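K.L.:
One file is attached below, target-v8.csv, containing CSV, C-alpha atoms and all ligand atoms.
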```csv
chain,number,residue,atom,x,y,z
A,1,MET,CA,6.8,-17.4,8.2
A,2,ARG,CA,7.5,-14.4,10.4
A,3,ILE,CA,4.5,-12.1,10.7
A,4,ARG,CA,5.5,-9.9,13.6
A,5,ARG,CA,6.1,-6.2,12.6
A,6,LYS,CA,9.2,-4.9,14.3
A,7,LEU,CA,9.0,-2.1,16.8
A,8,VAL,CA,11.7,0.4,17.7
A,9,ALA,CA,11.0,2.2,20.9
A,10,GLY,CA,13.0,5.2,22.2
A,11,ASN,CA,13.3,5.5,25.9
A,12,TRP,CA,14.4,9.1,26.6
A,13,LYS,CA,14.6,8.5,30.3
A,14,MET,CA,15.0,11.7,32.4
A,15,ASN,CA,16.6,13.7,29.6
A,16,GLY,CA,15.8,16.8,27.7
A,17,SER,CA,14.1,20.2,28.0
A,18,ARG,CA,11.2,21.6,26.2
A,19,ALA,CA,13.5,23.0,23.5
A,20,SER,CA,15.8,20.0,23.1
A,21,ILE,CA,12.9,17.6,22.9
A,22,LYS,CA,11.2,19.7,20.2
A,23,GLN,CA,14.5,19.7,18.3
A,24,LEU,CA,14.9,15.9,18.7
A,25,LEU,CA,11.4,15.1,17.6
A,26,ASN,CA,11.5,17.6,14.7
A,27,GLY,CA,14.7,15.8,13.6
A,28,ILE,CA,12.9,12.4,13.8
A,29,LEU,CA,9.9,13.7,11.9
A,30,ASP,CA,11.9,15.6,9.2
A,31,GLN,CA,14.1,12.6,8.3
A,32,ASN,CA,11.6,9.8,8.9
A,33,THR,CA,11.0,8.1,5.6
A,34,GLU,CA,8.5,5.3,6.0
A,35,SER,CA,10.3,2.2,7.0
A,36,GLY,CA,8.5,-1.1,7.5
A,37,CYS,CA,8.8,-1.0,11.3
A,38,GLU,CA,6.7,0.7,13.9
A,39,ILE,CA,8.3,3.5,15.9
A,40,ALA,CA,7.4,4.8,19.4
A,41,VAL,CA,8.9,7.4,21.8
A,42,PHE,CA,8.8,7.5,25.6
A,43,PRO,CA,9.4,11.1,26.8
A,44,PRO,CA,9.5,12.3,30.4
A,45,VAL,CA,6.0,12.5,31.6
A,46,VAL,CA,5.8,16.4,31.7
A,47,PHE,CA,6.5,16.5,28.0
A,48,LEU,CA,3.7,14.2,27.0
A,49,PRO,CA,1.2,16.9,26.0
A,50,MET,CA,3.7,18.7,23.9
A,51,VAL,CA,4.9,15.4,22.2
A,52,GLN,CA,1.4,14.2,21.7
A,53,GLU,CA,0.6,17.4,19.8
A,54,MET,CA,3.7,17.1,17.7
A,55,LEU,CA,2.9,13.5,16.8
A,56,LEU,CA,-0.7,14.2,15.7
A,57,SER,CA,-1.2,12.9,12.2
A,58,THR,CA,2.1,11.0,12.2
A,59,ARG,CA,2.6,7.3,12.6
A,60,ILE,CA,4.9,7.5,15.5
A,61,GLY,CA,3.5,6.0,18.7
A,62,LEU,CA,3.7,7.5,22.2
A,63,GLY,CA,4.5,5.8,25.5
A,64,ALA,CA,5.0,6.6,29.2
A,65,GLN,CA,8.1,5.5,31.1
A,66,ASN,CA,6.1,4.6,34.2
A,67,ILE,CA,2.7,4.7,35.9
A,68,ASP,CA,1.4,4.1,39.4
A,69,SER,CA,-0.5,0.9,40.0
A,70,HIS,CA,-3.4,2.7,41.6
A,71,VAL,CA,-6.4,4.1,39.7
A,72,GLN,CA,-6.5,7.4,41.6
A,73,GLY,CA,-6.2,8.9,45.1
A,74,ALA,CA,-3.7,10.1,47.7
A,75,PHE,CA,-0.5,9.1,45.9
A,76,THR,CA,1.5,12.3,45.8
A,77,GLY,CA,3.7,12.7,42.8
A,78,GLU,CA,2.4,9.7,41.0
A,79,VAL,CA,0.6,9.5,37.6
A,80,SER,CA,-2.1,6.9,36.7
A,81,ALA,CA,-2.5,4.8,33.6
A,82,SER,CA,-5.7,6.6,32.6
A,83,MET,CA,-3.9,10.0,32.9
A,84,VAL,CA,-1.2,9.0,30.4
A,85,ALA,CA,-3.8,7.4,28.2
A,86,GLU,CA,-5.6,10.8,28.1
A,87,PHE,CA,-2.4,12.3,26.7
A,88,GLY,CA,-2.1,10.0,23.8
A,89,CYS,CA,0.0,7.2,25.2
A,90,THR,CA,-0.6,3.7,23.9
A,91,TYR,CA,2.4,2.1,25.5
A,92,VAL,CA,3.9,2.1,29.0
A,93,LEU,CA,7.3,0.7,30.1
A,94,ILE,CA,6.8,-1.6,33.0
A,95,GLY,CA,9.6,-3.0,35.2
A,96,HIS,CA,12.5,-1.2,33.6
A,97,SER,CA,15.6,-2.3,35.4
A,98,GLU,CA,16.3,1.3,36.6
A,99,ARG,CA,12.9,1.3,38.3
A,100,ARG,CA,13.5,-2.1,39.8
A,101,ALA,CA,16.9,-1.0,41.1
A,102,TYR,CA,16.4,2.6,42.1
A,103,TYR,CA,12.8,2.6,43.1
A,104,ALA,CA,12.6,-0.9,44.7
A,105,GLU,CA,10.0,-2.2,42.2
A,106,THR,CA,9.5,-5.8,43.1
A,107,ASP,CA,7.9,-8.4,40.8
A,108,ASP,CA,4.7,-7.9,42.7
A,109,ILE,CA,4.7,-4.1,42.1
A,110,VAL,CA,5.6,-4.8,38.5
A,111,SER,CA,2.6,-7.1,38.2
A,112,GLU,CA,0.3,-4.5,39.7
A,113,LYS,CA,1.5,-1.9,37.3
A,114,PHE,CA,1.2,-4.3,34.4
A,115,SER,CA,-2.4,-5.0,35.4
A,116,ALA,CA,-3.2,-1.3,35.8
A,117,CYS,CA,-1.8,-0.6,32.3
A,118,VAL,CA,-3.9,-3.3,30.7
A,119,ALA,CA,-7.0,-2.2,32.6
A,120,SER,CA,-6.7,1.2,31.0
A,121,GLY,CA,-6.4,-0.2,27.5
A,122,LEU,CA,-2.7,0.5,27.3
A,123,ARG,CA,0.0,-1.9,26.0
A,124,PRO,CA,2.6,-2.8,28.6
A,125,VAL,CA,6.3,-3.1,27.5
A,126,LEU,CA,7.4,-5.5,30.2
A,127,CYS,CA,11.2,-5.3,30.8
A,128,VAL,CA,13.1,-8.3,32.1
A,129,GLY,CA,16.8,-9.0,32.4
A,130,GLU,CA,19.6,-10.2,34.5
A,131,THR,CA,22.5,-8.4,36.2
A,132,LEU,CA,26.1,-9.1,35.3
A,133,GLU,CA,26.7,-11.0,38.5
A,134,GLN,CA,23.6,-13.2,37.8
A,135,ARG,CA,24.9,-13.9,34.3
A,136,GLN,CA,28.3,-14.8,35.5
A,137,LYS,CA,26.8,-17.2,38.0
A,138,GLY,CA,24.8,-18.9,35.2
A,139,LEU,CA,21.5,-17.6,36.5
A,140,THR,CA,20.3,-15.7,33.4
A,141,GLU,CA,17.6,-18.3,32.4
A,142,GLU,CA,16.3,-18.6,36.0
A,143,ILE,CA,16.1,-14.9,36.6
A,144,VAL,CA,14.4,-14.0,33.3
A,145,LYS,CA,11.9,-16.9,33.7
A,146,HIS,CA,11.1,-15.9,37.2
A,147,GLN,CA,10.5,-12.3,36.3
A,148,LEU,CA,8.2,-13.3,33.5
A,149,GLN,CA,6.5,-16.1,35.5
A,150,MET,CA,5.6,-13.7,38.3
A,151,VAL,CA,3.7,-11.4,36.0
A,152,LEU,CA,2.1,-14.4,34.2
A,153,ASP,CA,1.0,-15.9,37.6
A,154,ASN,CA,-0.3,-12.6,39.0
A,155,CYS,CA,-2.0,-11.3,35.9
A,156,GLY,CA,-2.8,-14.3,33.7
A,157,ILE,CA,-1.7,-15.0,30.1
A,158,GLY,CA,-4.7,-13.2,28.7
A,159,THR,CA,-3.3,-9.9,29.8
A,160,PHE,CA,-0.4,-10.4,27.4
A,161,ALA,CA,-2.5,-10.3,24.3
A,162,GLU,CA,-1.5,-6.7,23.5
A,163,ALA,CA,1.7,-6.7,25.5
A,164,ILE,CA,5.3,-6.5,24.4
A,165,ILE,CA,8.3,-8.0,26.3
A,166,ALA,CA,11.7,-6.3,26.3
A,167,TYR,CA,14.8,-8.4,27.2
A,168,GLU,CA,17.2,-5.9,28.7
A,169,PRO,CA,20.3,-7.4,30.3
A,170,VAL,CA,21.1,-4.9,33.0
A,171,TRP,CA,24.9,-5.1,32.2
A,172,ALA,CA,24.2,-3.9,28.7
A,173,ILE,CA,22.1,-0.9,29.5
A,174,GLY,CA,23.9,2.4,29.1
A,175,THR,CA,27.3,0.6,29.1
A,176,GLY,CA,28.0,0.5,25.3
A,177,MET,CA,28.4,-3.2,25.7
A,178,SER,CA,25.5,-4.8,23.8
A,179,ALA,CA,24.7,-8.5,24.2
A,180,SER,CA,25.8,-10.4,21.2
A,181,PRO,CA,23.1,-11.4,18.8
A,182,ARG,CA,23.6,-15.0,19.9
A,183,GLN,CA,23.3,-14.1,23.6
A,184,ALA,CA,20.2,-12.1,23.0
A,185,GLU,CA,18.6,-14.7,20.8
A,186,GLU,CA,19.2,-17.4,23.4
A,187,VAL,CA,17.1,-15.5,25.9
A,188,HIS,CA,14.5,-14.4,23.4
A,189,ALA,CA,14.0,-18.0,22.3
A,190,LEU,CA,13.6,-18.9,26.0
A,191,ILE,CA,11.0,-16.2,26.5
A,192,ARG,CA,9.1,-17.2,23.4
A,193,ASP,CA,9.1,-20.8,24.7
A,194,VAL,CA,7.7,-19.8,28.0
A,195,MET,CA,5.0,-17.7,26.3
A,196,MET,CA,4.2,-20.5,23.8
A,197,GLN,CA,3.7,-23.0,26.6
A,198,GLU,CA,1.1,-20.6,28.2
A,199,ASP,CA,-0.7,-19.9,24.9
A,200,SER,CA,0.6,-20.8,21.5
A,201,GLY,CA,-1.3,-17.9,19.8
A,202,ILE,CA,0.0,-15.2,22.1
A,203,GLY,CA,3.4,-16.8,22.2
A,204,GLN,CA,3.7,-16.8,18.4
A,205,GLN,CA,2.6,-13.2,18.0
A,206,ILE,CA,4.0,-11.4,21.0
A,207,ARG,CA,6.8,-9.0,20.1
A,208,LEU,CA,10.1,-9.5,21.9
A,209,LEU,CA,12.4,-6.4,21.9
A,210,TYR,CA,16.0,-6.4,22.7
A,211,GLY,CA,17.4,-3.5,24.8
A,212,GLY,CA,20.9,-2.7,25.9
A,213,SER,CA,23.3,-0.3,24.1
A,214,VAL,CA,21.6,-0.9,20.7
A,215,SER,CA,23.3,1.4,18.1
A,216,PRO,CA,23.2,1.8,14.3
A,217,GLU,CA,26.3,-0.5,14.3
A,218,SER,CA,24.9,-3.3,16.4
A,219,ALA,CA,21.2,-3.2,15.2
A,220,SER,CA,21.2,-5.1,12.0
A,221,LYS,CA,22.7,-8.3,13.3
A,222,LEU,CA,20.4,-8.3,16.3
A,223,PHE,CA,17.4,-7.8,14.0
A,224,ALA,CA,18.4,-10.7,11.9
A,225,GLU,CA,17.7,-13.1,14.7
A,226,GLU,CA,14.5,-15.1,14.6
A,227,ASN,CA,13.0,-14.0,17.9
A,228,ILE,CA,14.2,-10.4,18.0
A,229,ASP,CA,11.3,-8.3,16.9
A,230,GLY,CA,12.7,-4.8,17.5
A,231,ALA,CA,14.6,-2.8,20.0
A,232,LEU,CA,14.1,-0.7,23.1
A,233,VAL,CA,16.7,2.0,22.7
A,234,GLY,CA,18.0,4.4,25.4
A,235,GLY,CA,21.1,6.5,24.6
A,236,ALA,CA,20.9,6.2,20.8
A,237,SER,CA,17.3,7.4,20.8
A,238,LEU,CA,18.4,10.8,21.9
A,239,ASN,CA,20.1,11.3,18.5
A,240,ALA,CA,17.5,11.6,15.7
A,241,ALA,CA,19.9,10.2,13.0
A,242,ASP,CA,20.9,7.2,15.1
A,243,PHE,CA,17.4,6.4,16.1
A,244,LEU,CA,16.1,6.6,12.6
A,245,LYS,CA,19.0,4.5,11.3
A,246,ILE,CA,18.1,1.8,13.8
A,247,SER,CA,14.4,2.0,12.7
A,248,GLN,CA,15.4,1.7,9.1
A,249,LEU,CA,17.5,-1.3,9.8
A,250,ALA,CA,14.5,-2.8,11.6
A,251,GLY,CA,12.3,-2.1,8.6
A,252,HIS,CA,14.3,-4.3,6.2
B,1,LIG,C1,17.1,1.4,28.1
B,1,LIG,O1,17.2,2.3,29.0
B,1,LIG,O2,16.1,0.7,28.1
B,1,LIG,C2,18.3,1.1,27.3
B,1,LIG,C3,18.3,0.0,26.6
B,1,LIG,O3,19.3,2.0,27.3
B,1,LIG,P1,20.6,2.0,26.4
B,1,LIG,O4,20.1,1.8,25.0
B,1,LIG,O5,21.2,3.4,26.6
B,1,LIG,O6,21.5,0.9,26.8
```
For the file at hand, write its structure as structure tokens.
Ligand code: PEP

P.N.:
Amino acid sequence: MRIRRKLVAGNWKMNGSRASIKQLLNGILDQNTESGCEIAVFPPVVFLPMVQEMLLSTRIGLGAQNIDSHVQGAFTGEVSASMVAEFGCTYVLIGHSERRAYYAETDDIVSEKFSACVASGLRPVLCVGETLEQRQKGLTEEIVKHQLQMVLDNCGIGTFAEAIIAYEPVWAIGTGMSASPRQAEEVHALIRDVMMQEDSGIGQQIRLLYGGSVSPESASKLFAEENIDGALVGGASLNAADFLKISQLAGH
């Protein structure tokens, strides 16, 4: 029996203004009829205080898109886990492919950020996924297992008790070309297997999100798969109606 409650997380990336984010969030709050799934949004960091306030007494969760691995100190421009926690975050995206590719985040840095997140009582959403070239060379399994194993080895399985894993094939992000439900499920089953081998309890309950051009059209078939426990949504999360439609599909 499946007991994992689905999560639909909206990664707003570096988009929006004070006005447009208010409008987007009001759109989500106005139309949000209770669905069975959990919803969380990940605004740009400067908007966290405003979004935190708007989400008070709602059931929508809040997350940060990134944190620094250090607790505090001379790290100009960076923001720590405890800082985002103070502004109501319960989740943090860790190792998003855009951070790996554009900000040179290695598996070691990803592991340090994962640890910092857990140490502050936050729930990491660890992103893993292969590039198109890696998939075409038949390396998907190896790459995803390696990204996951690095964090497992560096941080320990115990740190995954409250974590979430997002499988995000790089070739599917922002391209409009979602992985097929079968392609996604193959990798999700593999991730579940790796986690089950480490700890059957954690492996069974950890939520595995799929991310990569999820849309209202593609969502329901993805959510029907055994090991897909929700979605990490980029582009479609910037449209209140689309984001809510995806969450409703996850709730059924
Ligand atoms: C993402 O950025 O995590 C993502 C999945 O983006 P998109 O939905 O736009 O592909």

K.L.:
Any chance you could work out the axis-aligned box around ligand LIG 1 (chain B), listed atoms only, 8 Å on each side, giving centre and edge lengths in Å to one decimal, as AutoDock Vina command-line options?

P.N.:
```
--center_x 18.8 --center_y 1.7 --center_z 27.0 --size_x 21.4 --size_y 19.4 --size_z 20.0
```

K.L.:
Give me, as a tab-separated table, the closest atom pair and its distance (Å, one decimal) for every residue of range 125-228 of chain A within a cut-off of 12 Å of range 7-28 of chain A, counting all atoms listed in the file, rows sorted by chain and rising number.

P.N.:
```
residue	atom	partner	partner_atom	distance
A:Val125	CA	A:Ala9	CA	9.7
A:Ile164	CA	A:Leu7	CA	9.5
A:Ile165	CA	A:Leu7	CA	11.2
A:Ala166	CA	A:Ala9	CA	10.1
A:Ile173	CA	A:Asn11	CA	11.5
A:Gly174	CA	A:Lys13	CA	11.2
A:Ile206	CA	A:Leu7	CA	11.4
A:Arg207	CA	A:Leu7	CA	8.0
A:Leu208	CA	A:Leu7	CA	9.1
A:Leu209	CA	A:Leu7	CA	7.5
A:Tyr210	CA	A:Val8	CA	9.5
A:Gly211	CA	A:Ala9	CA	9.4
A:Gly212	CA	A:Asn11	CA	11.2
A:Ser213	CA	A:Asn11	CA	11.7
A:Val214	CA	A:Val8	CA	10.4
A:Ser215	CA	A:Val8	CA	11.6
A:Ala219	CA	A:Val8	CA	10.5
A:Phe223	CA	A:Leu7	CA	10.5
A:Ile228	CA	A:Leu7	CA	9.9
```

K.L.:
Mind pulling up the distance from CA of Val51 in chain A to CA of Glu217 in chain A?

P.N.:
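If I compute the distance from CA of Glu217 in chain A to CA of Val51 in chain A, I get 27.8 Å.
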
K.L.:
Check the smallest atom-to-atom distance from each of A:Leu249, A:Ile191, A:Ala64, A:Ala163 to Ser82 in chain A using only C-alpha atoms, then report the winner.

P.N.:
A:Ala64

K.L.:
Can you find the residues with an atom no farther than 8 Å from (1.3, 3.6, 36.5), counting all atoms listed in the file, and report them as a list in words?

P.N.:
Asn66, Ile67, Asp68, Ser69, His70, Glu78, Val79, Ser80, Ala81, Lys113, Ala116 and Cys117 of chain A

K.L.:
Using all atoms listed in the file - which residues lie no farther than 12 Å from the point (13.8, 12.1, 10.4) in the file's frame? Write them as a VMD selection string.

P.N.:
chain A and resid 23 to 35 39 58 60 237 239 to 248

K.L.:
For Ala172 in chain A, list every protein, DNA or RNA residue within 10 Å, evaluated using only C-alpha atoms, and leave out those in the same chain fewer than 3 positions away; present the list as number ranges by chain.

P.N.:
A: 129-132, 168-169, 175-179, 211-214

K.L.:
Would you work out the distance separating CA of Leu232 in chain A from CA of Gly77 in chain A, expressed in Å to one decimal?

P.N.:
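Separating CA of Leu232 in chain A from CA of Gly77 in chain A is a distance of 26.0 Å.
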
K.L.:
Find the distance between CA of Arg5 in chain A and CA of Gln205 in chain A and write it in Å to one decimal.

P.N.:
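According to the coordinates, CA of Arg5 in chain A and CA of Gln205 in chain A are separated by 9.5 Å.
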
K.L.:
Pick the closest to ligand LIG 1 (chain B) from A:Asp199, A:Glu98, A:Asp108, A:Glu186: which is it, counting only C-alpha atoms and all ligand atoms?

P.N.:
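Closest residue, counting only C-alpha atoms and all ligand atoms: A:Glu98.
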
K.L.:
Rank A:Arg100, A:Gly156, A:Ser220, A:Gly234 by their smallest atom-to-atom distance to ligand LIG 1 (chain B), using only C-alpha atoms and all ligand atoms, and report the top residue only.

P.N.:
A:Gly234

K.L.:
So which one's closest to Glu133 in chain A, A:Ala104, A:Val170, A:Leu48, A:Ala85? Using all atoms listed in the file, please.

P.N.:
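The answer is A:Val170, which sits nearest to Glu133 in chain A.
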
K.L.:
Pick out the closest residue to Leu122 in chain A from this set: A:Thr76, A:Leu62, A:Val151, A:Val110. Count only C-alpha atoms.

P.N.:
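Comparing A:Thr76, A:Leu62, A:Val151, A:Val110 against Leu122 in chain A, the winner is A:Leu62.
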
K.L.:
Between A:Val194, A:His96, A:Met50, A:Val41, single out the one closest to ligand LIG 1 (chain B), counting all atoms listed in the file.

P.N.:
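Ranked by minimum distance to ligand LIG 1 (chain B), first place goes to A:His96.
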